[in-house]
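Undergrad: If it helps, the file is called entry.cif and holds mmCIF, C-alpha atoms:
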data_start
loop_
_atom_site.label_atom_id
_atom_site.label_comp_id
_atom_site.auth_asym_id
_atom_site.auth_seq_id
_atom_site.Cartn_x
_atom_site.Cartn_y
_atom_site.Cartn_z
CA MET A 15 5.37 -8.87 23.71
CA ASP A 16 6.67 -8.06 20.24
CA LEU A 17 6.02 -9.52 16.80
CA VAL A 18 9.50 -10.93 16.25
CA ASP A 19 10.45 -13.36 13.50
CA LYS A 20 13.22 -15.95 13.66
CA HIS A 21 15.55 -13.60 11.77
CA GLY A 22 15.28 -10.92 14.45
CA ARG A 23 13.02 -8.48 12.62
CA VAL A 24 10.30 -6.81 14.66
CA ALA A 25 6.97 -5.91 13.04
CA THR A 26 5.68 -2.52 14.20
CA ASP A 27 3.81 -1.48 11.03
CA LEU A 28 0.37 -3.04 10.52
CA ARG A 29 -1.30 -2.88 7.10
CA VAL A 30 -5.06 -3.48 7.41
CA SER A 31 -7.11 -4.29 4.33
CA LEU A 32 -10.68 -3.04 4.80
CA THR A 33 -12.13 -4.47 1.60
CA ASP A 34 -11.07 -6.22 -1.60
CA ARG A 35 -13.38 -4.01 -3.65
CA CYS A 36 -12.12 -1.22 -5.87
CA ASN A 37 -13.68 1.32 -8.23
CA LEU A 38 -10.75 1.39 -10.67
CA ARG A 39 -9.46 -1.42 -12.87
CA CYS A 40 -5.75 -0.67 -13.11
CA GLN A 41 -4.00 -2.89 -15.61
CA TYR A 42 -1.25 -3.91 -13.17
CA CYS A 43 -3.80 -5.00 -10.56
CA MET A 44 -6.95 -6.58 -11.99
CA PRO A 45 -8.70 -7.47 -15.26
CA ALA A 46 -11.10 -5.11 -17.00
CA GLU A 47 -14.13 -7.13 -15.90
CA GLY A 48 -13.09 -6.97 -12.26
CA LEU A 49 -13.06 -9.86 -9.78
CA ASP A 50 -15.48 -11.86 -7.69
CA TRP A 51 -15.68 -9.85 -4.48
CA MET A 52 -15.38 -11.37 -1.03
CA PRO A 53 -18.78 -12.33 0.46
CA THR A 54 -19.88 -9.88 3.16
CA GLU A 55 -20.10 -12.56 5.83
CA GLU A 56 -16.43 -13.41 5.34
CA THR A 57 -15.33 -9.81 5.92
CA LEU A 58 -14.43 -8.72 9.43
CA THR A 59 -17.04 -6.47 11.02
CA ASP A 60 -15.95 -3.07 12.29
CA ASP A 61 -15.93 -4.36 15.88
CA GLU A 62 -13.89 -7.46 14.94
CA LEU A 63 -11.40 -5.40 12.98
CA ILE A 64 -10.98 -2.83 15.74
CA ARG A 65 -10.47 -5.60 18.30
CA LEU A 66 -7.62 -7.11 16.28
CA VAL A 67 -6.03 -3.70 15.74
CA ARG A 68 -6.29 -3.09 19.50
CA ILE A 69 -4.54 -6.39 20.25
CA GLY A 70 -1.79 -5.44 17.80
CA VAL A 71 -1.28 -2.01 19.35
CA GLU A 72 -1.78 -2.73 23.04
CA ARG A 73 -0.25 -6.21 23.27
CA LEU A 74 2.12 -6.65 20.33
CA GLY A 75 3.95 -3.35 19.86
CA ILE A 76 2.29 -2.02 16.68
CA LEU A 77 3.17 1.66 16.24
CA ASP A 78 1.78 2.41 12.76
CA VAL A 79 -1.57 1.36 11.29
CA ARG A 80 -2.17 1.86 7.57
CA PHE A 81 -5.64 1.13 6.16
CA THR A 82 -5.65 -0.23 2.63
CA GLY A 83 -7.89 -2.16 0.25
CA GLY A 84 -8.93 -2.73 -2.47
CA GLU A 85 -10.05 0.82 -1.95
CA PRO A 86 -10.40 1.72 1.76
CA LEU A 87 -12.69 4.68 1.06
CA LEU A 88 -15.34 2.15 0.02
CA ARG A 89 -15.58 1.01 3.66
CA ARG A 90 -18.50 3.02 5.08
CA GLY A 91 -17.28 2.83 8.65
CA LEU A 92 -13.81 4.19 7.89
CA PRO A 93 -13.99 7.40 9.98
CA ALA A 94 -15.22 5.44 13.01
CA ILE A 95 -12.51 2.81 12.52
CA ILE A 96 -9.84 5.51 12.40
CA ALA A 97 -11.26 7.27 15.48
CA ALA A 98 -11.28 3.98 17.43
CA THR A 99 -7.70 3.29 16.36
CA LYS A 100 -6.52 6.73 17.47
CA ALA A 101 -8.21 6.18 20.86
CA LEU A 102 -5.87 3.27 21.63
CA HIS A 103 -2.95 3.55 24.02
CA PRO A 104 -0.24 4.03 23.04
CA THR A 105 -1.72 6.04 20.18
CA PRO A 106 -0.55 4.68 16.81
CA ARG A 107 0.19 6.75 13.74
CA THR A 108 -2.51 6.23 11.10
CA ALA A 109 -2.54 6.45 7.31
CA ILE A 110 -4.51 5.22 4.32
CA THR A 111 -3.42 4.10 0.87
CA SER A 112 -6.14 5.08 -1.59
CA ASN A 113 -6.84 5.77 -5.23
CA GLY A 114 -8.25 9.13 -4.16
CA LEU A 115 -11.75 8.67 -5.58
CA GLY A 116 -14.18 10.06 -3.04
CA LEU A 117 -11.45 11.73 -0.99
CA LYS A 118 -12.80 15.16 -1.94
CA ARG A 119 -15.93 14.34 0.10
CA THR A 120 -14.23 12.53 2.98
CA ALA A 121 -10.77 14.06 3.57
CA GLN A 122 -11.88 16.50 6.27
CA ALA A 123 -13.96 13.89 8.10
CA LEU A 124 -11.02 11.47 8.07
CA ALA A 125 -8.69 14.18 9.38
CA ASP A 126 -11.20 15.04 12.11
CA ALA A 127 -11.29 11.34 13.07
CA GLY A 128 -7.53 11.43 13.60
CA LEU A 129 -6.06 10.27 10.30
CA ASP A 130 -2.47 11.47 10.05
CA ARG A 131 -1.70 11.17 6.35
CA VAL A 132 -2.55 9.65 2.98
CA ASN A 133 -0.82 7.92 0.09
CA ILE A 134 -2.66 8.35 -3.21
CA SER A 135 -2.05 6.25 -6.31
CA LEU A 136 -1.54 8.38 -9.41
CA ASP A 137 0.49 7.06 -12.33
CA THR A 138 0.08 10.00 -14.71
CA THR A 139 -1.58 13.39 -15.04
CA ASP A 140 -2.36 12.85 -18.72
CA PRO A 141 -6.11 12.14 -19.01
CA GLU A 142 -5.84 9.68 -21.90
CA THR A 143 -3.00 7.73 -20.31
CA PHE A 144 -4.83 7.69 -16.97
CA GLU A 145 -7.93 6.23 -18.60
CA ARG A 146 -5.85 3.65 -20.46
CA ILE A 147 -4.14 2.46 -17.26
CA THR A 148 -7.15 2.56 -14.92
CA ARG A 149 -9.87 1.87 -17.50
CA ARG A 150 -11.84 4.74 -15.96
CA ASP A 151 -12.18 8.46 -16.83
CA ARG A 152 -11.65 9.68 -13.25
CA LEU A 153 -8.42 11.69 -13.29
CA ASN A 154 -10.09 14.92 -12.13
CA ASP A 155 -11.60 13.10 -9.15
CA VAL A 156 -8.15 11.93 -8.05
CA ILE A 157 -6.68 15.42 -8.44
CA GLU A 158 -9.55 16.91 -6.42
CA GLY A 159 -8.98 14.24 -3.77
CA LEU A 160 -5.32 15.19 -3.50
CA GLU A 161 -6.24 18.84 -3.13
CA ALA A 162 -8.78 18.00 -0.42
CA ALA A 163 -6.24 15.91 1.49
CA SER A 164 -3.78 18.78 1.47
CA ALA A 165 -6.46 21.28 2.54
CA ALA A 166 -7.42 18.98 5.43
CA GLY A 167 -3.83 19.00 6.68
CA LEU A 168 -3.04 15.37 5.85
CA ASP A 169 0.58 16.22 5.14
CA PRO A 170 2.86 15.14 3.71
CA VAL A 171 0.50 14.04 0.93
CA LYS A 172 2.29 11.23 -0.86
CA VAL A 173 1.73 10.07 -4.42
CA ASN A 174 2.48 6.48 -5.44
CA ALA A 175 3.19 5.85 -9.12
CA VAL A 176 3.81 2.63 -11.05
CA LEU A 177 5.53 3.01 -14.40
CA LEU A 178 4.38 0.73 -17.22
CA ARG A 179 6.58 0.29 -20.24
CA GLY A 180 5.14 1.94 -23.32
CA MET A 181 2.36 3.67 -21.36
CA ASN A 182 3.65 6.20 -18.85
CA ASP A 183 7.34 5.42 -18.36
CA GLN A 184 8.49 8.39 -20.42
CA GLY A 185 6.28 10.69 -18.36
CA ALA A 186 8.16 10.19 -15.08
CA PRO A 187 9.91 13.62 -15.15
CA ASP A 188 6.63 15.41 -15.92
CA LEU A 189 4.88 13.66 -13.04
CA LEU A 190 7.69 14.66 -10.68
CA ARG A 191 7.46 18.30 -11.80
CA TRP A 192 3.70 18.25 -11.25
CA CYS A 193 4.06 16.79 -7.75
CA MET A 194 6.74 19.32 -6.79
CA LYS A 195 4.54 22.15 -8.05
CA HIS A 196 1.74 21.00 -5.74
CA ALA A 197 4.04 20.03 -2.82
CA TYR A 198 3.19 16.34 -3.03
CA GLU A 199 5.85 13.75 -2.22
CA LEU A 200 6.24 11.35 -5.16
CA ARG A 201 7.38 7.74 -4.91
CA PHE A 202 7.89 5.48 -7.93
CA ILE A 203 7.17 1.80 -7.21
CA GLU A 204 8.41 -1.08 -9.32
CA GLN A 205 5.56 -3.14 -10.74
CA MET A 206 5.28 -6.29 -8.63
CA PRO A 207 3.94 -9.77 -9.46
CA LEU A 208 0.64 -9.22 -7.65
CA ASP A 209 -1.82 -8.80 -10.51
CA ALA A 210 -4.94 -10.97 -10.50
CA GLN A 211 -4.41 -12.06 -14.10
CA HIS A 212 -0.77 -13.13 -13.43
CA GLY A 213 0.45 -11.21 -16.45
CA TRP A 214 3.53 -9.71 -14.81
CA GLN A 215 6.75 -10.31 -16.73
CA ARG A 216 10.16 -9.36 -15.41
CA ASP A 217 11.52 -8.27 -18.79
CA GLU A 218 8.65 -5.79 -19.22
CA MET A 219 9.01 -4.22 -15.78
CA VAL A 220 10.43 -0.69 -15.55
CA THR A 221 13.21 -1.08 -13.01
CA ALA A 222 14.26 1.32 -10.27
CA GLU A 223 17.55 1.86 -12.10
CA GLU A 224 15.72 2.84 -15.29
CA THR A 225 13.52 5.27 -13.40
CA LEU A 226 16.51 6.90 -11.72
CA SER A 227 18.32 7.13 -15.05
CA ARG A 228 15.33 8.77 -16.71
CA LEU A 229 14.88 11.27 -13.89
CA SER A 230 18.61 12.03 -13.76
CA GLU A 231 18.47 13.25 -17.34
CA GLU A 232 16.41 16.23 -16.16
CA PHE A 233 17.06 16.58 -12.42
CA ARG A 234 20.02 16.44 -10.05
CA LEU A 235 19.30 13.64 -7.57
CA THR A 236 21.21 13.39 -4.30
CA PRO A 237 20.73 10.23 -2.18
CA LEU A 238 19.50 10.83 1.36
CA ASP A 239 20.56 8.77 4.36
CA GLY A 240 18.38 7.47 7.17
CA ARG A 241 16.08 5.12 5.26
CA GLY A 242 15.68 2.70 8.17
CA SER A 243 12.83 0.28 7.56
CA ALA A 244 11.09 2.59 5.06
CA PRO A 245 10.56 0.96 1.66
CA ALA A 246 11.60 4.02 -0.35
CA GLU A 247 15.10 5.16 -1.17
CA LYS A 248 14.81 8.95 -1.05
CA PHE A 249 16.63 11.50 -3.19
CA LEU A 250 16.85 15.25 -2.88
CA VAL A 251 15.77 16.87 -6.14
CA ASP A 252 17.92 19.76 -7.42
CA ASP A 253 19.26 20.50 -3.91
CA GLY A 254 15.76 20.57 -2.40
CA PRO A 255 13.48 21.15 -0.75
CA HIS A 256 11.58 18.50 -2.71
CA THR A 257 12.39 14.79 -2.63
CA VAL A 258 11.47 11.76 -4.71
CA GLY A 259 11.34 8.16 -3.55
CA ILE A 260 12.15 4.95 -5.39
CA ILE A 261 10.71 1.66 -4.14
CA GLY A 262 12.60 -1.13 -5.88
CA SER A 263 10.72 -4.05 -4.38
CA VAL A 264 11.91 -6.45 -7.08
CA THR A 265 15.41 -5.33 -8.04
CA ARG A 266 16.41 -3.63 -4.79
CA PRO A 267 14.63 -5.68 -2.12
CA PHE A 268 14.64 -4.40 1.45
CA CYS A 269 13.42 -7.58 3.13
CA GLY A 270 16.20 -7.53 5.72
CA ASP A 271 14.76 -4.35 7.26
CA CYS A 272 11.07 -5.17 6.81
CA ASN A 273 8.88 -4.22 9.79
CA ARG A 274 5.45 -4.87 8.26
CA VAL A 275 2.65 -7.34 8.88
CA ARG A 276 -0.69 -7.53 7.09
CA LEU A 277 -4.25 -8.24 8.18
CA THR A 278 -6.62 -9.05 5.31
CA ALA A 279 -10.25 -7.99 5.20
CA ASP A 280 -11.29 -11.57 6.03
CA GLY A 281 -9.09 -11.79 9.10
CA GLN A 282 -5.96 -13.53 7.83
CA ILE A 283 -2.47 -12.61 9.01
CA ARG A 284 0.13 -12.39 6.24
CA ASN A 285 3.70 -12.03 7.45
CA CYS A 286 4.91 -11.02 3.98
CA LEU A 287 3.25 -9.34 1.02
CA PHE A 288 4.33 -12.31 -1.12
CA ALA A 289 3.53 -15.07 1.38
CA ARG A 290 1.70 -18.11 0.04
CA GLU A 291 0.48 -19.10 3.50
CA GLU A 292 -1.77 -17.23 5.91
CA SER A 293 -2.77 -17.57 9.56
CA ASP A 294 -6.47 -17.35 10.35
CA LEU A 295 -7.55 -15.05 13.18
CA ARG A 296 -11.19 -14.71 12.12
CA ALA A 297 -12.26 -18.25 12.98
CA PRO A 298 -10.82 -18.31 16.52
CA LEU A 299 -12.08 -14.76 17.10
CA ARG A 300 -15.61 -15.80 16.17
CA ASP A 301 -15.25 -18.97 18.23
CA GLY A 302 -14.63 -16.96 21.37
CA ALA A 303 -10.83 -16.87 21.63
CA SER A 304 -9.42 -14.50 24.24
CA ASP A 305 -7.19 -11.53 23.39
CA GLY A 306 -4.23 -13.49 24.73
CA GLU A 307 -4.98 -16.49 22.53
CA LEU A 308 -5.33 -14.31 19.45
CA ALA A 309 -2.07 -12.53 20.28
CA GLU A 310 -0.31 -15.88 20.60
CA ARG A 311 -1.55 -17.00 17.18
CA TRP A 312 -0.38 -13.71 15.71
CA MET A 313 3.07 -14.12 17.23
CA LEU A 314 3.39 -17.66 15.86
CA ALA A 315 2.44 -16.39 12.40
CA MET A 316 5.18 -13.77 12.50
CA ALA A 317 7.81 -16.16 13.84
CA ALA A 318 7.55 -18.18 10.62
CA LYS A 319 8.36 -15.24 8.32
CA LEU A 320 10.87 -16.13 5.61
CA PRO A 321 14.11 -14.12 5.18
CA GLY A 322 12.94 -12.62 1.88
CA HIS A 323 10.13 -12.52 -0.66
CA GLY A 324 11.98 -14.79 -3.09
CA ILE A 325 10.94 -12.98 -6.27
CA ASN A 326 14.45 -13.42 -7.63
CA ASP A 327 14.54 -17.16 -6.89
CA PRO A 328 13.87 -19.54 -9.82
CA SER A 329 11.29 -21.34 -7.67
CA PHE A 330 9.25 -18.18 -6.94
CA LEU A 331 5.49 -18.57 -7.24
CA GLN A 332 3.18 -15.57 -7.31
CA PRO A 333 0.76 -15.40 -4.35
CA THR A 334 -2.70 -16.78 -4.99
CA ARG A 335 -4.31 -13.60 -3.75
CA PRO A 336 -3.90 -10.45 -5.90
CA MET A 337 -2.85 -7.12 -4.41
CA SER A 338 -6.48 -5.93 -4.25
CA SER A 339 -7.28 -8.78 -1.87
CA ILE A 340 -4.06 -8.68 0.17
CA GLY A 341 -3.94 -4.96 0.85
CA GLY A 342 -0.68 -3.06 0.38
#
Using structure tokens, write down the structure that the file contains.
TA:
Amino acid sequence: MDLVDKHGRVATDLRVSLTDRCNLRCQYCMPAEGLDWMPTEETLTDDELIRLVRIGVERLGILDVRFTGGEPLLRRGLPAIIAATKALHPTPRTAITSNGLGLKRTAQALADAGLDRVNISLDTTDPETFERITRRDRLNDVIEGLEAASAAGLDPVKVNAVLLRGMNDQGAPDLLRWCMKHAYELRFIEQMPLDAQHGWQRDEMVTAEETLSRLSEEFRLTPLDGRGSAPAEKFLVDDGPHTVGIIGSVTRPFCGDCNRVRLTADGQIRNCLFAREESDLRAPLRDGASDGELAERWMLAMAAKLPGHGINDPSFLQPTRPMSSIGG
């Protein structure tokens, strides 16, 4: 069985949110005071989460499992969850998306558990700008986390950056130089309407085209073919070997090739990052549903996936859940 929607797309990439908690307060994600965290009893236990991942891999054709948050490193059982995931057959590829805090202590243990690679959020290497964006003085911790990931062999180490107008948008070329120097693969991501405070405004967003224009002033960028279902358009920088990615989720949507499905920390299936409806797997799981019954519910959830996220439609409404609760 496959997770096929009515438009013929097949979901093979599962994004699993392990928690809605985070230890940064990035301006494009949540307010300075933080949010009301999900009650512990609503969060899937390790065993429940692993069971659902197993159903996805063994019954529904999932090939890639990415653990997200909030901040996934805040989940104490993360190494065991990764090890259990890598023990499945067929063995999926595994990754985490993290802010890097704590990765210095955990990178080797995660690699030993079977983690294949990491994506680390880093919007700037300027300490003052970093603190302004994240509202925390933790830049050195992120840099040390990146170094630890590389030392543990979690390659390619990828860096995700969001450009904010008037804060770090002019620093895009410097960030690319820094990433190339350290052999990290940089991807710029358009700011999306997923902030908890609903402050996103289209006219303030730094677009993919602007980012490319700014980078092209200082680098020679050559488009690369073979994007497939990957969200990033990749460009060779100055004839290589380094590349840079641009994820234009808003202005260059790639919905037609989307192969992703999301499982929230409280056991809800989201067939699109911007979906306003969810399908509950936690309740039937806790009520004794069989693997087959849970797989059937999952398939029905995916079948209803819309053709696109609709951000560019006049009727678009931002999801009720913020990114920290959905999981990227």
Undergrad: For the provided coordinates, the residues matched by the PyMOL selection byres ((chain A and resi 299) around 12) should be stated as a PDB file with C-alpha atoms, in the coordinates of the input.
TA:
ATOM      1  CA  LEU A  58     -14.430  -8.720   9.430  1.00  0.00           C
ATOM      2  CA  THR A  59     -17.040  -6.470  11.020  1.00  0.00           C
ATOM      3  CA  ASP A  61     -15.930  -4.360  15.880  1.00  0.00           C
ATOM      4  CA  GLU A  62     -13.890  -7.460  14.940  1.00  0.00           C
ATOM      5  CA  LEU A  63     -11.400  -5.400  12.980  1.00  0.00           C
ATOM      6  CA  ARG A  65     -10.470  -5.600  18.300  1.00  0.00           C
ATOM      7  CA  LEU A  66      -7.620  -7.110  16.280  1.00  0.00           C
ATOM      8  CA  ILE A  69      -4.540  -6.390  20.250  1.00  0.00           C
ATOM      9  CA  ASP A 280     -11.290 -11.570   6.030  1.00  0.00           C
ATOM     10  CA  GLY A 281      -9.090 -11.790   9.100  1.00  0.00           C
ATOM     11  CA  GLN A 282      -5.960 -13.530   7.830  1.00  0.00           C
ATOM     12  CA  ASP A 294      -6.470 -17.350  10.350  1.00  0.00           C
ATOM     13  CA  LEU A 295      -7.550 -15.050  13.180  1.00  0.00           C
ATOM     14  CA  ARG A 296     -11.190 -14.710  12.120  1.00  0.00           C
ATOM     15  CA  ALA A 297     -12.260 -18.250  12.980  1.00  0.00           C
ATOM     16  CA  PRO A 298     -10.820 -18.310  16.520  1.00  0.00           C
ATOM     17  CA  ARG A 300     -15.610 -15.800  16.170  1.00  0.00           C
ATOM     18  CA  ASP A 301     -15.250 -18.970  18.230  1.00  0.00           C
ATOM     19  CA  GLY A 302     -14.630 -16.960  21.370  1.00  0.00           C
ATOM     20  CA  ALA A 303     -10.830 -16.870  21.630  1.00  0.00           C
ATOM     21  CA  SER A 304      -9.420 -14.500  24.240  1.00  0.00           C
ATOM     22  CA  ASP A 305      -7.190 -11.530  23.390  1.00  0.00           C
ATOM     23  CA  GLY A 306      -4.230 -13.490  24.730  1.00  0.00           C
ATOM     24  CA  GLU A 307      -4.980 -16.490  22.530  1.00  0.00           C
ATOM     25  CA  LEU A 308      -5.330 -14.310  19.450  1.00  0.00           C
ATOM     26  CA  ALA A 309      -2.070 -12.530  20.280  1.00  0.00           C
ATOM     27  CA  ARG A 311      -1.550 -17.000  17.180  1.00  0.00           C
ATOM     28  CA  TRP A 312      -0.380 -13.710  15.710  1.00  0.00           C
TER      29      TRP A 312
END
Undergrad: Given the file shown, enumerate the residues that the PyMOL selection byres ((chain A and resi 283) around 6) captures and present them as a tab-separated table (two decimals) with C-alpha atoms, in the frame of the given file.
TA:
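That gives us part-v6.tsv:
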chain	number	residue	atom	x	y	z
A	276	ARG	CA	-0.69	-7.53	7.09
A	277	LEU	CA	-4.25	-8.24	8.18
A	282	GLN	CA	-5.96	-13.53	7.83
A	284	ARG	CA	0.13	-12.39	6.24
A	292	GLU	CA	-1.77	-17.23	5.91
A	293	SER	CA	-2.77	-17.57	9.56
Undergrad: Selection in question (the file shown): the PyMOL selection byres ((chain A and resi 217) around 12). Which residues does it include, as a tab-separated table (two decimals) with C-alpha atoms, in the coordinates of the input?
TA:
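Listing of expr-v9.tsv after writing:
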chain	number	residue	atom	x	y	z
A	178	LEU	CA	4.38	0.73	-17.22
A	179	ARG	CA	6.58	0.29	-20.24
A	205	GLN	CA	5.56	-3.14	-10.74
A	213	GLY	CA	0.45	-11.21	-16.45
A	214	TRP	CA	3.53	-9.71	-14.81
A	215	GLN	CA	6.75	-10.31	-16.73
A	216	ARG	CA	10.16	-9.36	-15.41
A	218	GLU	CA	8.65	-5.79	-19.22
A	219	MET	CA	9.01	-4.22	-15.78
A	220	VAL	CA	10.43	-0.69	-15.55
A	221	THR	CA	13.21	-1.08	-13.01
A	264	VAL	CA	11.91	-6.45	-7.08
A	265	THR	CA	15.41	-5.33	-8.04
Undergrad: Return the single residue from A:Glu161, A:Asp60, A:Glu47, A:Asp253 that is closest to A:Thr148, with distances computed using all atoms listed in the file.
TA: A:Glu47
Undergrad: Give me the residues near A:Leu87 as JSON, numbers by chain, where near means some atom within 9 Å (using all atoms listed in the file) and where sequence neighbours in that chain fewer than 5 positions away do not count.
TA: {"A": [32, 82, 92, 110, 112, 113, 114, 115, 116, 117, 120]}
Undergrad: Tell me which protein, DNA and RNA residues are within 7 Å of A:Phe81, counting all atoms listed in the file, leaving out same-chain ones fewer than 3 positions away, and put them as a list in words.
TA: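 Counting only the stated atoms, we get Arg29, Val30, Ser31, Leu32, Pro86, Ala109, Ile110 and Thr111 of chain A.
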Undergrad: So the first atom is atom CA of A:Asn285 and the second is atom CA of A:Pro267; what is the distance between them in Å, to one decimal place?
TA: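 Spanning atom CA of A:Asn285 to atom CA of A:Pro267 is a straight-line distance of 15.9 Å.
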Undergrad: Which is closer to A:Leu235 than all the others in A:Ile325, A:Leu160, A:Met194, A:Leu250, using only C-alpha atoms?
TA: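 Closest to A:Leu235 of all the choices is A:Leu250.
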Undergrad: Restricting the calculation to all atoms listed in the file: of A:Leu314, A:Ala162, A:Ile203, A:Ala210, which residue gets closest to A:Gly259?
TA: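 Closest residue, counting all atoms listed in the file: A:Ile203.
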Undergrad: Report, in Å with one decimal, the straight-line distance from atom CA of A:Gly167 to atom CA of A:Asp130.
TA: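 Taking atom CA of A:Gly167 and atom CA of A:Asp130, their separation equals 8.4 Å.
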Undergrad: Could you check the closest approach to A:Ile64 for each of A:Ile96, A:Asp19, A:Arg35, A:Pro45 and tell me which residue wins, using all atoms listed in the file?
TA: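 Of A:Ile96, A:Asp19, A:Arg35, A:Pro45, the one nearest A:Ile64 is A:Ile96, counting all atoms listed in the file.
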Undergrad: With a distance cut-off of 7 Å and only C-alpha atoms, select the neighbouring residues of stretch 71-79 of chain A, excluding the residue or stretch itself and same-chain residues fewer than 4 positions from it, and output the selection as an NGL selection string.
TA: :A and (15-17 or 26-29 or 67 or 103-104 or 106-109)
Undergrad: Would you pick out the contacts of A:Gly128 at 7 Å or less, using all atoms listed in the file, so that residues sharing its chain but fewer than 2 positions from it are not included, and give the list as a tab-separated table (two decimals) with C-alpha atoms, in the coordinates of the input?
TA:
chain	number	residue	atom	x	y	z
A	96	ILE	CA	-9.84	5.51	12.40
A	97	ALA	CA	-11.26	7.27	15.48
A	100	LYS	CA	-6.52	6.73	17.47
A	124	LEU	CA	-11.02	11.47	8.07
A	125	ALA	CA	-8.69	14.18	9.38
A	126	ASP	CA	-11.20	15.04	12.11
A	130	ASP	CA	-2.47	11.47	10.05
Undergrad: With only C-alpha atoms as the atoms that count, which of A:His323, A:His212, A:Arg68, A:Arg149 lies nearest to A:Arg266?
TA: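 Distance minimum relative to A:Arg266 lands on A:His323.
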Undergrad: For A:Ile261, which residue among A:Ala127, A:Ala317, A:Val171, A:Leu177 is the nearest when counting only C-alpha atoms?
TA: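 Among the listed residues, the smallest separation from A:Ile261 belongs to A:Leu177.
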Undergrad: Around all the atoms of stretch 34-44 of chain A listed in the file, with 6 Å of room on each side, what axis-aligned box do you get, giving centre and edge lengths in Å to one decimal, as lines of an AutoDock Vina configuration file?
TA:
center_x = -7.5
center_y = -2.6
center_z = -8.6
size_x = 24.4
size_y = 20.0
size_z = 26.0
Undergrad: Could you give me, as a ChimeraX atom specification, the residues that have an atom at most 12 Å away from the point (8.0, -5.9, 5.6) in the coordinates of the file, using all atoms listed in the file?
TA: /A:17-19,23-29,242-245,263,267-276,284-289,316,319-323,342
Undergrad: For the atom pair atom CA of A:Arg89 and atom CA of A:Thr54, what is the interatomic distance in Å to one decimal place?
TA: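 Computing it gives 11.7 Å between the two atoms.
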Undergrad: Counting all atoms listed in the file, give me one row per residue of stretch 67-144 of chain A with an atom at most 10 Å from an atom of stretch 40-44 of chain A, showing the shortest contact pair and its distance in Å to one decimal, sorted by chain then residue number, as a tab-separated table.
TA:
residue	atom	partner	partner_atom	distance
A:Gly84	CA	A:Cys43	CA	9.8
A:Asp137	CA	A:Cys40	CA	10.0
A:Phe144	CA	A:Cys40	CA	9.3
Undergrad: How about completing stretch 21-33 of chain A with N, CA and C atoms and giving it to me as an mmCIF file, in the frame of the given file?
TA:
data_model
loop_
_atom_site.group_PDB
_atom_site.id
_atom_site.type_symbol
_atom_site.label_atom_id
_atom_site.label_comp_id
_atom_site.auth_asym_id
_atom_site.auth_seq_id
_atom_site.Cartn_x
_atom_site.Cartn_y
_atom_site.Cartn_z
ATOM 1 N N HIS A 21 14.374 -14.296 12.295
ATOM 2 C CA HIS A 21 15.550 -13.600 11.770
ATOM 3 C C HIS A 21 15.802 -12.296 12.525
ATOM 4 N N GLY A 22 15.042 -12.066 13.591
ATOM 5 C CA GLY A 22 15.280 -10.920 14.450
ATOM 6 C C GLY A 22 14.559 -9.649 14.065
ATOM 7 N N ARG A 23 13.761 -9.675 13.014
ATOM 8 C CA ARG A 23 13.020 -8.480 12.620
ATOM 9 C C ARG A 23 11.781 -8.328 13.489
ATOM 10 N N VAL A 24 11.444 -7.090 13.813
ATOM 11 C CA VAL A 24 10.300 -6.810 14.660
ATOM 12 C C VAL A 24 9.259 -6.032 13.852
ATOM 13 N N ALA A 25 8.045 -6.561 13.784
ATOM 14 C CA ALA A 25 6.970 -5.910 13.040
ATOM 15 C C ALA A 25 6.291 -4.865 13.914
ATOM 16 N N THR A 26 6.343 -3.614 13.485
ATOM 17 C CA THR A 26 5.680 -2.520 14.200
ATOM 18 C C THR A 26 4.695 -1.769 13.306
ATOM 19 N N ASP A 27 4.630 -2.161 12.026
ATOM 20 C CA ASP A 27 3.810 -1.480 11.030
ATOM 21 C C ASP A 27 2.743 -2.452 10.540
ATOM 22 N N LEU A 28 1.492 -2.169 10.882
ATOM 23 C CA LEU A 28 0.370 -3.040 10.520
ATOM 24 C C LEU A 28 -0.375 -2.460 9.330
ATOM 25 N N ARG A 29 -0.504 -3.252 8.271
ATOM 26 C CA ARG A 29 -1.300 -2.880 7.100
ATOM 27 C C ARG A 29 -2.634 -3.631 7.180
ATOM 28 N N VAL A 30 -3.733 -2.899 7.222
ATOM 29 C CA VAL A 30 -5.060 -3.480 7.410
ATOM 30 C C VAL A 30 -5.891 -3.288 6.154
ATOM 31 N N SER A 31 -6.225 -4.375 5.485
ATOM 32 C CA SER A 31 -7.110 -4.290 4.330
ATOM 33 C C SER A 31 -8.554 -4.234 4.805
ATOM 34 N N LEU A 32 -9.296 -3.217 4.370
ATOM 35 C CA LEU A 32 -10.680 -3.040 4.800
ATOM 36 C C LEU A 32 -11.672 -3.659 3.836
ATOM 37 N N THR A 33 -11.252 -3.889 2.610
ATOM 38 C CA THR A 33 -12.130 -4.470 1.600
ATOM 39 C C THR A 33 -11.278 -4.897 0.410
#
